[in-house]
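Enquirer: Take a look at this one; I'll ask things after.
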Amino acid sequence: MIFLYYIIIYMSLNFNNPSSSENLIQVIQNENFIGSFEIYEKVARFVELPYGLLAESRYIDAVDAVFAYNQFVQQRLGEDTVFRNVGTITDGTVWIDTSKTNNTYENFLNSKINVNHNTRPSFLEAIYEGSGFEIKQSSTTNSNQARRTIRMGSSRALPFGVLGSSIENV
């Protein structure tokens, strides 16, 4: 049923219309990320405590969960549409970028996965408002993308990080 829902939304999607892109990504995040307690919980467990005892184990669980989420959604969207996720902790340090192959705990600790996202409008909006949206050219993939971000954590007073989902080539 969810797959049919994606097809209907995807077929009617007009990428020149930001609200259509935003709606598609919002449905994807709500149904497949937030709606999957197991995936959300693994990510939350890491971004809540990204350092210290057993942090690397929590990191591996979170990375595996995000890649599983990414792969599930990518299969539904088809190979013509690139779906990508970037996760940060509260200070903007990127801990995962599914378009990269260097997602390791050591690279996270050394800020080598991607540039800090603490000035990106949609990431800031997610921290303060709960979610954000932007259409921009990715400096990593050099393609246009629509990105929706969601805050991890219960409030802006106590956010843990942000997960941004993107659809490329919009």
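Scheme for the structure tokens: letters A, B, ... for chains in order shown; per-chain residue numbers from 1; ligand numbers from 1 in order shown.
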Tell me, as an MDAnalysis selection string, which residues lie within 8 Å of A:Ile127, counting only C-alpha atoms; anything in the same chain fewer than 4 positions away does not count.
Expert: chainID A and resid 90 123 131 150:151 156 159 161:162
Enquirer: Which polymer residues have any atom within 12 Å of an atom of A:Asp80, counting only C-alpha atoms, with same-chain residues fewer than 2 positions away left out, as a list in words?
Expert: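 Residues meeting the cut-off are Tyr10, Gln74, Gln75, Arg76, Leu77, Gly78, Val82, Phe83, Ile167, Glu168, Asn169 and Val170 of chain A.
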Enquirer: The selected residues should be written to file as a PDB file, in the first residue's frame (atoms: N, CA and C atoms).
Expert:
ATOM      1  N   TYR A  10       4.839  10.228  -6.735  1.00  0.00           N
ATOM      2  CA  TYR A  10       5.982  10.431  -7.613  1.00  0.00           C
ATOM      3  C   TYR A  10       5.539  10.755  -9.036  1.00  0.00           C
ATOM      4  N   GLN A  74      15.227   4.365  -1.892  1.00  0.00           N
ATOM      5  CA  GLN A  74      15.792   4.410  -3.244  1.00  0.00           C
ATOM      6  C   GLN A  74      15.151   3.372  -4.148  1.00  0.00           C
ATOM      7  N   GLN A  75      14.915   2.180  -3.632  1.00  0.00           N
ATOM      8  CA  GLN A  75      14.264   1.136  -4.427  1.00  0.00           C
ATOM      9  C   GLN A  75      12.862   1.553  -4.830  1.00  0.00           C
ATOM     10  N   ARG A  76      12.160   2.226  -3.964  1.00  0.00           N
ATOM     11  CA  ARG A  76      10.792   2.668  -4.273  1.00  0.00           C
ATOM     12  C   ARG A  76      10.787   3.789  -5.296  1.00  0.00           C
ATOM     13  N   LEU A  77      11.769   4.687  -5.222  1.00  0.00           N
ATOM     14  CA  LEU A  77      11.819   5.820  -6.140  1.00  0.00           C
ATOM     15  C   LEU A  77      12.352   5.439  -7.512  1.00  0.00           C
ATOM     16  N   GLY A  78      13.147   4.379  -7.585  1.00  0.00           N
ATOM     17  CA  GLY A  78      13.741   3.961  -8.846  1.00  0.00           C
ATOM     18  C   GLY A  78      15.103   4.584  -9.049  1.00  0.00           C
ATOM     19  N   VAL A  82      17.815  10.097  -7.388  1.00  0.00           N
ATOM     20  CA  VAL A  82      18.808   9.815  -6.356  1.00  0.00           C
ATOM     21  C   VAL A  82      18.295  10.340  -5.022  1.00  0.00           C
ATOM     22  N   PHE A  83      18.234   9.451  -4.049  1.00  0.00           N
ATOM     23  CA  PHE A  83      17.808   9.795  -2.696  1.00  0.00           C
ATOM     24  C   PHE A  83      19.034   9.751  -1.808  1.00  0.00           C
ATOM     25  N   ILE A 167      16.290  14.683  -2.513  1.00  0.00           N
ATOM     26  CA  ILE A 167      16.051  14.083  -3.811  1.00  0.00           C
ATOM     27  C   ILE A 167      16.831  14.921  -4.794  1.00  0.00           C
ATOM     28  N   GLU A 168      17.722  14.283  -5.540  1.00  0.00           N
ATOM     29  CA  GLU A 168      18.601  15.019  -6.431  1.00  0.00           C
ATOM     30  C   GLU A 168      18.033  15.130  -7.840  1.00  0.00           C
ATOM     31  N   ASN A 169      18.625  16.072  -8.580  1.00  0.00           N
ATOM     32  CA  ASN A 169      18.274  16.350  -9.972  1.00  0.00           C
ATOM     33  C   ASN A 169      16.881  16.939 -10.116  1.00  0.00           C
ATOM     34  N   VAL A 170      16.513  17.827  -9.177  1.00  0.00           N
ATOM     35  CA  VAL A 170      15.228  18.508  -9.285  1.00  0.00           C
ATOM     36  C   VAL A 170      15.383  19.768 -10.090  1.00  0.00           C
TER      37      VAL A 170
END
Enquirer: Taking into account only C-alpha atoms, which residue in the set A:Ala146, A:Asn32, A:Asn103, A:Val94 is nearest to A:Asp64?
Expert: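 Selected residue with least distance to A:Asp64: A:Asn103.
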Enquirer: Just asking: which residues within stretch 4-163 of chain A are strand (DSSP E or B) according to DSSP, as number ranges by chain?
Expert: A: 83-89, 94-97, 131-137, 144-152, 161-163
Enquirer: Quick one: write out the picked residues with N, CA and C atoms as a PDB file, in the first residue's frame?
Expert:
ATOM      1  N   PHE A  83      18.234   9.451  -4.049  1.00  0.00           N
ATOM      2  CA  PHE A  83      17.808   9.795  -2.696  1.00  0.00           C
ATOM      3  C   PHE A  83      19.034   9.751  -1.808  1.00  0.00           C
ATOM      4  N   ARG A  84      19.208  10.765  -0.982  1.00  0.00           N
ATOM      5  CA  ARG A  84      20.423  10.908  -0.173  1.00  0.00           C
ATOM      6  C   ARG A  84      20.051  11.381   1.224  1.00  0.00           C
ATOM      7  N   ASN A  85      20.838  10.993   2.213  1.00  0.00           N
ATOM      8  CA  ASN A  85      20.642  11.453   3.580  1.00  0.00           C
ATOM      9  C   ASN A  85      21.947  11.972   4.150  1.00  0.00           C
ATOM     10  N   VAL A  86      21.853  13.086   4.873  1.00  0.00           N
ATOM     11  CA  VAL A  86      22.980  13.663   5.591  1.00  0.00           C
ATOM     12  C   VAL A  86      22.519  13.883   7.023  1.00  0.00           C
ATOM     13  N   GLY A  87      23.282  13.356   7.975  1.00  0.00           N
ATOM     14  CA  GLY A  87      22.946  13.528   9.381  1.00  0.00           C
ATOM     15  C   GLY A  87      24.018  14.323  10.097  1.00  0.00           C
ATOM     16  N   THR A  88      23.584  15.195  11.009  1.00  0.00           N
ATOM     17  CA  THR A  88      24.520  15.991  11.796  1.00  0.00           C
ATOM     18  C   THR A  88      24.181  15.874  13.277  1.00  0.00           C
ATOM     19  N   ILE A  89      25.175  16.168  14.092  1.00  0.00           N
ATOM     20  CA  ILE A  89      24.877  16.389  15.501  1.00  0.00           C
ATOM     21  C   ILE A  89      24.560  17.882  15.626  1.00  0.00           C
ATOM     22  N   VAL A  94      28.907  16.663  10.527  1.00  0.00           N
ATOM     23  CA  VAL A  94      28.252  15.600   9.761  1.00  0.00           C
ATOM     24  C   VAL A  94      28.757  14.250  10.251  1.00  0.00           C
ATOM     25  N   TRP A  95      27.812  13.367  10.601  1.00  0.00           N
ATOM     26  CA  TRP A  95      28.197  12.021  11.038  1.00  0.00           C
ATOM     27  C   TRP A  95      27.890  10.969   9.979  1.00  0.00           C
ATOM     28  N   ILE A  96      27.029  11.316   9.008  1.00  0.00           N
ATOM     29  CA  ILE A  96      26.752  10.399   7.896  1.00  0.00           C
ATOM     30  C   ILE A  96      26.357  11.205   6.665  1.00  0.00           C
ATOM     31  N   ASP A  97      26.828  10.738   5.521  1.00  0.00           N
ATOM     32  CA  ASP A  97      26.408  11.251   4.218  1.00  0.00           C
ATOM     33  C   ASP A  97      26.333  10.030   3.318  1.00  0.00           C
ATOM     34  N   SER A 131      11.602  21.327  11.507  1.00  0.00           N
ATOM     35  CA  SER A 131      11.884  20.844  10.157  1.00  0.00           C
ATOM     36  C   SER A 131      12.257  22.040   9.288  1.00  0.00           C
ATOM     37  N   GLY A 132      12.921  21.732   8.186  1.00  0.00           N
ATOM     38  CA  GLY A 132      13.322  22.777   7.253  1.00  0.00           C
ATOM     39  C   GLY A 132      13.261  22.253   5.828  1.00  0.00           C
ATOM     40  N   PHE A 133      13.339  23.155   4.870  1.00  0.00           N
ATOM     41  CA  PHE A 133      13.288  22.761   3.465  1.00  0.00           C
ATOM     42  C   PHE A 133      14.088  23.765   2.642  1.00  0.00           C
ATOM     43  N   GLU A 134      14.784  23.250   1.621  1.00  0.00           N
ATOM     44  CA  GLU A 134      15.475  24.116   0.675  1.00  0.00           C
ATOM     45  C   GLU A 134      15.695  23.374  -0.639  1.00  0.00           C
ATOM     46  N   ILE A 135      15.818  24.148  -1.696  1.00  0.00           N
ATOM     47  CA  ILE A 135      16.245  23.618  -2.987  1.00  0.00           C
ATOM     48  C   ILE A 135      17.549  24.321  -3.304  1.00  0.00           C
ATOM     49  N   LYS A 136      18.598  23.534  -3.564  1.00  0.00           N
ATOM     50  CA  LYS A 136      19.913  24.107  -3.779  1.00  0.00           C
ATOM     51  C   LYS A 136      20.770  23.176  -4.614  1.00  0.00           C
ATOM     52  N   GLN A 137      21.914  23.696  -5.042  1.00  0.00           N
ATOM     53  CA  GLN A 137      22.878  22.847  -5.726  1.00  0.00           C
ATOM     54  C   GLN A 137      23.817  22.269  -4.679  1.00  0.00           C
ATOM     55  N   ASN A 144      21.311  19.544  -8.545  1.00  0.00           N
ATOM     56  CA  ASN A 144      20.262  20.231  -7.810  1.00  0.00           C
ATOM     57  C   ASN A 144      19.555  19.235  -6.910  1.00  0.00           C
ATOM     58  N   GLN A 145      19.156  19.702  -5.738  1.00  0.00           N
ATOM     59  CA  GLN A 145      18.454  18.815  -4.832  1.00  0.00           C
ATOM     60  C   GLN A 145      17.430  19.580  -4.008  1.00  0.00           C
ATOM     61  N   ALA A 146      16.360  18.867  -3.705  1.00  0.00           N
ATOM     62  CA  ALA A 146      15.376  19.357  -2.762  1.00  0.00           C
ATOM     63  C   ALA A 146      15.665  18.623  -1.464  1.00  0.00           C
ATOM     64  N   ARG A 147      15.862  19.371  -0.388  1.00  0.00           N
ATOM     65  CA  ARG A 147      16.223  18.751   0.889  1.00  0.00           C
ATOM     66  C   ARG A 147      15.231  19.168   1.967  1.00  0.00           C
ATOM     67  N   ARG A 148      14.750  18.161   2.685  1.00  0.00           N
ATOM     68  CA  ARG A 148      13.924  18.408   3.870  1.00  0.00           C
ATOM     69  C   ARG A 148      14.686  17.874   5.067  1.00  0.00           C
ATOM     70  N   THR A 149      14.759  18.692   6.099  1.00  0.00           N
ATOM     71  CA  THR A 149      15.493  18.325   7.304  1.00  0.00           C
ATOM     72  C   THR A 149      14.530  18.186   8.475  1.00  0.00           C
ATOM     73  N   ILE A 150      14.866  17.278   9.384  1.00  0.00           N
ATOM     74  CA  ILE A 150      14.072  17.125  10.603  1.00  0.00           C
ATOM     75  C   ILE A 150      14.999  17.097  11.806  1.00  0.00           C
ATOM     76  N   ARG A 151      14.519  17.689  12.880  1.00  0.00           N
ATOM     77  CA  ARG A 151      15.285  17.731  14.120  1.00  0.00           C
ATOM     78  C   ARG A 151      15.182  16.394  14.832  1.00  0.00           C
ATOM     79  N   MET A 152      16.304  15.944  15.333  1.00  0.00           N
ATOM     80  CA  MET A 152      16.338  14.769  16.190  1.00  0.00           C
ATOM     81  C   MET A 152      16.408  15.300  17.613  1.00  0.00           C
ATOM     82  N   GLY A 161      20.438  16.619  17.010  1.00  0.00           N
ATOM     83  CA  GLY A 161      20.997  16.670  15.676  1.00  0.00           C
ATOM     84  C   GLY A 161      19.906  16.830  14.643  1.00  0.00           C
ATOM     85  N   VAL A 162      20.294  16.655  13.378  1.00  0.00           N
ATOM     86  CA  VAL A 162      19.383  16.846  12.254  1.00  0.00           C
ATOM     87  C   VAL A 162      19.626  15.745  11.241  1.00  0.00           C
ATOM     88  N   LEU A 163      18.553  15.254  10.636  1.00  0.00           N
ATOM     89  CA  LEU A 163      18.674  14.359   9.493  1.00  0.00           C
ATOM     90  C   LEU A 163      18.059  15.057   8.295  1.00  0.00           C
TER      91      LEU A 163
END
Enquirer: DSSP on the backbone, helix (DSSP H, G or I) only: what residues of chain A does that give? Format it as a PyMOL selection string.
Expert: chain A and resi 2-11+18-34+37-48+55-77+105-109+121-129
Enquirer: Between atom CA of A:Ser122 and atom CA of A:Glu79, what is the distance in Å, rounded to a tenth?
Expert: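 So the answer is 25.5 Å.
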Enquirer: Have a look at atom CA of A:Glu125 and atom CA of A:Gly164 and let me know their distance in Å, one decimal.
Expert: 11.3 Å
Enquirer: What separation in Å, quoted to one decimal, exists between atom CA of A:Gly92 and atom CA of A:His117?
Expert: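 Separation between atom CA of A:Gly92 and atom CA of A:His117: 4.6 Å.
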Enquirer: Please identify all polymer residues within 9 Å of A:Ala68, counting only C-alpha atoms, omitting same-chain residues fewer than 5 positions from it, and present them as a CSV table (one decimal) with C-alpha atoms, in the first residue's frame.
Expert:
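Saved to part19.csv:
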chain,number,residue,atom,x,y,z
A,39,ILE,CA,15.5,3.2,12.5
A,63,VAL,CA,24.9,4.3,10.1
A,73,VAL,CA,13.4,4.5,-0.2
Enquirer: Calculated over only C-alpha atoms, which of the candidates A:Ile34, A:Ala44, A:Thr119, A:Ser139 has the smallest distance to A:Tyr69?
Expert: A:Ile34
Enquirer: Check the smallest atom-to-atom distance from each of A:Thr93, A:Thr140, A:Thr101, A:Ser166 to A:Ile28 using only C-alpha atoms, then report the winner.
Expert: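 Nearest to A:Ile28: A:Ser166.
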Enquirer: Using only C-alpha atoms, find the one residue out of A:Phe46, A:Lys100, A:Ser138, A:Tyr51 that sits nearest to A:Asn114.
Expert: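 Comparing A:Phe46, A:Lys100, A:Ser138, A:Tyr51 against A:Asn114, the winner is A:Lys100.
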